[in-house]
Amino acid sequence: MNISRRDLFKFAGISAAAAAVTGCSTTAFDPLPKTGSKNSAVNSKLGKHQVVIIGGGFGGMTVAKELKKIDNKFDVLIIEKNDSFMSCPFSNCNLGGIEGVSLSSLTYDYSQAIEKNGYSMLTAVVTDIDRENKVIHTSMGAVGYDILVMAPGIDYNYKKQFPTWDAAKIAKARRVAPAALVPGGEHVALDRLVKNMEDGDTVVITVPAGKYRCPPAPFERASMIANYMKKEGIKGKVIILNETAEIAKGAAFKETWKDLYNGVVVHEDNCKITDVDFDKKVITYAQTVFKDKEDTEGVTTTKTLTYGVFNFIPHNMSNPVIEMSGVATTPDGFKKVKMATSAEKPVSFQTATDASVYAVGDVVGHAIPPSGQAAIWSGKECAKEIAHALRGKSYNIASVLPFKSANVCYSMVNGNPEEAIMVNHEFMVSGPVIGSKGSVPKGDEAANKFRSKGLGKATRDWYRGAMSDLFN
Ligand SMILES: Cc1cc2nc3c(=O)[nH]c(=O)nc-3n(C[C@H](O)[C@H](O)[C@H](O)COP(=O)(O)OP(=O)(O)OC[C@H]3O[C@@H](n4cnc5c(N)ncnc54)[C@H](O)[C@@H]3O)c2cc1C
């Protein structure tokens, strides 16, 4: 029987128009069941695929591309809620007014990657996961899988951090003080706030305790906003309220702030945000000062700060997709996915709970940095593991470890001249997980400085390479 494209959509219970509106790729997504399924709910909806990946970000897109590279016959579907890709890496360069960088430098269309790499994509929000029947429920219908890869990234945990705040206050926080740590409109909103700032405004950036996405990002952002103010001749301050005293690439950032933004970028340790009045633009926080390392109690003082622009980064946690799946997670506030370990495969991207379910990107329970580069590295290894599993074989990631420069992460700190700092991580087997060890080299040894023009150029080259990895 010949079935037309129009019939396919009728069969799937969605109209071609609806698919186009939501950005569902009509060229790449075939809604018919790909393999026989006993589950009638699956057959009557959006079909079943060999590998279904939740999340079309750094981790998910890499797994999909690598699987198709290994064997073009693998049937791979990504489910992604956004209809276009927006990069978090390099977004601080946009805020910093770096030459030639704009919001469009961060935005890519998924069709390019789909056409080039041959996987399918469904534009839909994942709403539930039924592991027993191997079905993912989405805003567009149910999708079956043989193997599921969870790559949904992070979410914010305002609720746990501020238990007395109601939904309206949390919604307001998201709207008027965007965290801009996930892809999408928050970057556009923060860009508008920064570009509309006035002389004398104070920009406040908060840094949360616990695991959070891209630890150097808030400090790079502070440097870039100060660079923008310098370039535009705007007088003001960028105040970082850090919940702990930790600064990723600390010595390198501190050196830069002293040299380039003295008195403009101000870093405050051990500041716990207790409340925010978003109408009056006032932050209340408790700052604890410790006498020395032996002093565990310190002296805490309640303070207030009035802001012009607020980049409020709350506590992070695994995206709710992880909780939907019911796989085991770590007992900390972030809830990282517990990864499988065995004598044969000491480290893995398979979850500890379910051999059919894998995880990559920021949600993994490995001791590696939550970065786009680590997600790309992990995505490639995870794809090899899945390809072997689909062929009834086993792939041991430990065989490629230790791996030098598995994560190289740059932070742009100056716009004129363009200069950056970097951290370089080696990955290794560390008990039941993949561990990492980082070092921050001096970029300009002659001047004995962490930042250098060479690293500024490397930042642009890395971003170009990463986008090429995902889209070409
Ligand atoms: C300001 C900033 C600067 C950064 N700079 C760097 C850098 O220089 N170098 C670097 O290596 N890393 C950098 N990072 C970190 C990097 O962005 C992340 O580590 C990386 O994106 C993690 O990849 P991921 O696949 O886990 O998540 P993501 O890339 O966020 O992808 C997750 C995807 O899942 C989708 N999704 C979520 N929930 C659902 C759902 N329910 N249904 C359907 N789809 C869903 C999301 O829309 C998203 O597209 C930076 C981050 C920030 C915020």
# chains A, B, ... in the order shown; residues from 1 in each chain; ligands from 1
$ residues_around --residues "stretch 175-188 of chain A" --least-positions-apart "5" --cutoff "6 Å" --atoms "only C-alpha atoms" --output "list in words"
Met86, Cys88, Phe310, Asn311, Phe312 and Ile313 of chain A
$ write_last_selection --atoms "C-alpha atoms" --output "short mmCIF file (atom, residue, chain, number, x, y, z; two decimals), in the first residue's frame"
data_model
loop_
_atom_site.label_atom_id
_atom_site.label_comp_id
_atom_site.auth_asym_id
_atom_site.auth_seq_id
_atom_site.Cartn_x
_atom_site.Cartn_y
_atom_site.Cartn_z
CA MET A 86 20.39 28.86 21.34
CA CYS A 88 24.74 29.33 26.32
CA PHE A 310 19.73 41.64 38.41
CA ASN A 311 21.06 38.39 36.98
CA PHE A 312 19.63 36.14 39.67
CA ILE A 313 21.14 32.66 39.38
#
$ select_by_dssp --residues "stretch 198-292 of chain A" --states "strand (DSSP E)" --output "VMD selection string"
chain A and resid 202 to 207 237 to 242 265 to 268 271 to 277 282 to 289
$ write_last_selection --atoms "C-alpha atoms" --output "mmCIF file, in the first residue's frame"
data_model
loop_
_atom_site.group_PDB
_atom_site.id
_atom_site.type_symbol
_atom_site.label_atom_id
_atom_site.label_comp_id
_atom_site.auth_asym_id
_atom_site.auth_seq_id
_atom_site.Cartn_x
_atom_site.Cartn_y
_atom_site.Cartn_z
ATOM 1 C CA THR A 202 24.536 48.434 39.825
ATOM 2 C CA VAL A 203 24.481 45.065 38.102
ATOM 3 C CA VAL A 204 24.161 42.197 40.592
ATOM 4 C CA ILE A 205 25.018 38.602 39.694
ATOM 5 C CA THR A 206 24.397 35.823 42.204
ATOM 6 C CA VAL A 207 26.429 32.615 42.336
ATOM 7 C CA LYS A 237 29.479 48.502 39.322
ATOM 8 C CA VAL A 238 29.106 44.779 38.800
ATOM 9 C CA ILE A 239 28.660 43.145 42.203
ATOM 10 C CA ILE A 240 28.922 39.362 42.516
ATOM 11 C CA LEU A 241 27.074 37.956 45.533
ATOM 12 C CA ASN A 242 28.608 34.501 45.875
ATOM 13 C CA VAL A 265 33.821 44.257 39.475
ATOM 14 C CA VAL A 266 33.347 43.580 43.180
ATOM 15 C CA HIS A 267 33.230 40.006 44.494
ATOM 16 C CA GLU A 268 31.536 39.333 47.852
ATOM 17 C CA CYS A 271 26.369 35.833 50.753
ATOM 18 C CA LYS A 272 23.122 33.944 51.246
ATOM 19 C CA ILE A 273 20.177 35.643 49.539
ATOM 20 C CA THR A 274 17.261 35.747 51.983
ATOM 21 C CA ASP A 275 14.709 37.799 50.023
ATOM 22 C CA VAL A 276 14.261 40.039 47.013
ATOM 23 C CA ASP A 277 11.768 42.869 46.550
ATOM 24 C CA VAL A 282 16.214 45.490 46.686
ATOM 25 C CA ILE A 283 18.087 42.302 47.582
ATOM 26 C CA THR A 284 18.364 41.228 51.222
ATOM 27 C CA TYR A 285 21.201 38.855 52.032
ATOM 28 C CA ALA A 286 23.151 37.484 54.974
ATOM 29 C CA GLN A 287 26.916 37.705 54.647
ATOM 30 C CA THR A 288 29.132 35.593 56.868
ATOM 31 C CA VAL A 289 32.716 36.627 57.555
#
$ closest_residue --among "A:Thr256, A:Thr302, A:Gln112, A:Ser325" --to "ligand 1" --atoms "only C-alpha atoms and all ligand atoms"
A:Ser325
$ atom_distance --atom1 "atom CA of A:Ile434" --atom2 "atom CA of A:Asp469"
22.7 Å
$ residues_near_ligand --ligand "ligand 1" --cutoff "6 Å" --atoms "only C-alpha atoms and all ligand atoms" --output "JSON, numbers by chain"
{"A": [54, 55, 56, 57, 58, 59, 60, 79, 80, 81, 82, 88, 89, 90, 91, 92, 124, 125, 126, 151, 152, 153, 181, 182, 183, 213, 214, 217, 321, 361, 362, 370, 371, 372, 373, 375, 409, 410]}
$ select_by_dssp --residues "stretch 268-399 of chain A" --states "alpha helix (DSSP H)" --output "count of residues only"
25
$ closest_residue --among "A:Ala406, A:Leu470, A:Leu148, A:Ile170" --to "A:Tyr108" --atoms "only C-alpha atoms"
A:Leu470
$ atom_distance --atom1 "atom CA of A:Asn262" --atom2 "atom CA of A:Glu232"
16.9 Å
$ closest_residue --among "A:Ala374, A:Glu381, A:Val194, A:Pro432" --to "A:Ala352" --atoms "only C-alpha atoms"
A:Pro432
$ residues_around --residues "A:Lys230" --least-positions-apart "4" --cutoff "12 Å" --atoms "only C-alpha atoms" --output "tab-separated table (two decimals) with N, CA and C atoms, in the first residue's frame"
chain	number	residue	atom	x	y	z
A	96	GLY	N	28.93	41.22	26.49
A	96	GLY	CA	30.14	42.05	26.62
A	96	GLY	C	30.36	42.99	25.45
A	97	GLY	N	29.49	42.92	24.43
A	97	GLY	CA	29.67	43.80	23.27
A	97	GLY	C	30.91	43.46	22.47
A	98	ILE	N	31.29	42.17	22.49
A	98	ILE	CA	32.47	41.74	21.72
A	98	ILE	C	32.18	41.91	20.22
A	199	ASP	N	23.81	55.06	33.48
A	199	ASP	CA	24.90	55.52	34.35
A	199	ASP	C	24.53	55.38	35.82
A	223	SER	N	32.83	39.87	34.08
A	223	SER	CA	33.93	40.51	33.34
A	223	SER	C	33.40	41.12	32.04
A	224	MET	N	32.53	40.37	31.36
A	224	MET	CA	32.03	40.84	30.07
A	224	MET	C	31.10	42.06	30.22
A	225	ILE	N	30.27	42.06	31.28
A	225	ILE	CA	29.39	43.22	31.47
A	225	ILE	C	30.25	44.45	31.82
A	226	ALA	N	31.30	44.24	32.61
A	226	ALA	CA	32.21	45.36	32.93
A	226	ALA	C	32.90	45.84	31.65
A	234	ILE	N	29.78	53.65	30.34
A	234	ILE	CA	28.73	53.65	31.38
A	234	ILE	C	29.39	53.51	32.75
A	235	LYS	N	29.02	54.41	33.67
A	235	LYS	CA	29.60	54.32	35.02
A	235	LYS	C	28.70	53.43	35.88
A	236	GLY	N	29.30	52.57	36.66
A	236	GLY	CA	28.51	51.69	37.52
A	236	GLY	C	29.38	50.58	38.06
A	237	LYS	N	28.74	49.62	38.71
A	237	LYS	CA	29.48	48.50	39.32
A	237	LYS	C	28.83	47.18	38.94
A	238	VAL	N	29.64	46.14	38.94
A	238	VAL	CA	29.11	44.78	38.80
A	238	VAL	C	29.44	44.06	40.11
A	260	LEU	N	41.99	45.09	35.08
A	260	LEU	CA	41.13	45.75	34.08
A	260	LEU	C	39.88	46.41	34.64
A	261	TYR	N	39.34	45.89	35.72
A	261	TYR	CA	38.04	46.39	36.20
A	261	TYR	C	38.11	46.71	37.69
A	262	ASN	N	39.22	47.33	38.10
A	262	ASN	CA	39.43	47.60	39.52
A	262	ASN	C	38.34	48.54	40.04
A	264	VAL	N	35.29	48.21	39.76
A	264	VAL	CA	34.04	48.04	38.99
A	264	VAL	C	33.46	46.65	39.25
A	265	VAL	N	34.29	45.60	39.10
A	265	VAL	CA	33.82	44.26	39.47
A	265	VAL	C	34.17	44.04	40.95
A	414	ASN	N	38.21	40.16	28.30
A	414	ASN	CA	38.50	41.52	27.82
A	414	ASN	C	38.10	41.63	26.36
A	415	GLY	N	37.62	42.84	25.97
A	415	GLY	CA	37.17	43.01	24.59
A	415	GLY	C	38.14	43.76	23.71
A	416	ASN	N	38.99	44.58	24.32
A	416	ASN	CA	39.90	45.38	23.52
A	416	ASN	C	41.25	45.52	24.20
$ residues_around --residues "A:Val400" --least-positions-apart "5" --cutoff "10 Å" --atoms "only C-alpha atoms" --output "list in words"
Glu381, Phe427, Met428 and Val429 of chain A
$ write_last_selection --atoms "C-alpha atoms" --output "PDB file, in the first residue's frame"
ATOM      1  CA  GLU A 381      31.480   7.948  24.311  1.00  0.00           C
ATOM      2  CA  PHE A 427      39.259  12.779  32.728  1.00  0.00           C
ATOM      3  CA  MET A 428      40.100   9.496  34.463  1.00  0.00           C
ATOM      4  CA  VAL A 429      38.479   6.504  36.177  1.00  0.00           C
TER       5      VAL A 429
END
$ residues_around --residues "A:Leu455" --least-positions-apart "3" --cutoff "10 Å" --atoms "only C-alpha atoms" --output "list of chain:residue names"
A:Tyr410, A:Ser411, A:Met412, A:Glu418, A:Glu419, A:Ala420, A:Ile421, A:Met422, A:Lys442, A:Gly443, A:Asp444, A:Phe450, A:Arg451, A:Ser452, A:Ala458, A:Thr459, A:Arg460, A:Asp461, A:Trp462
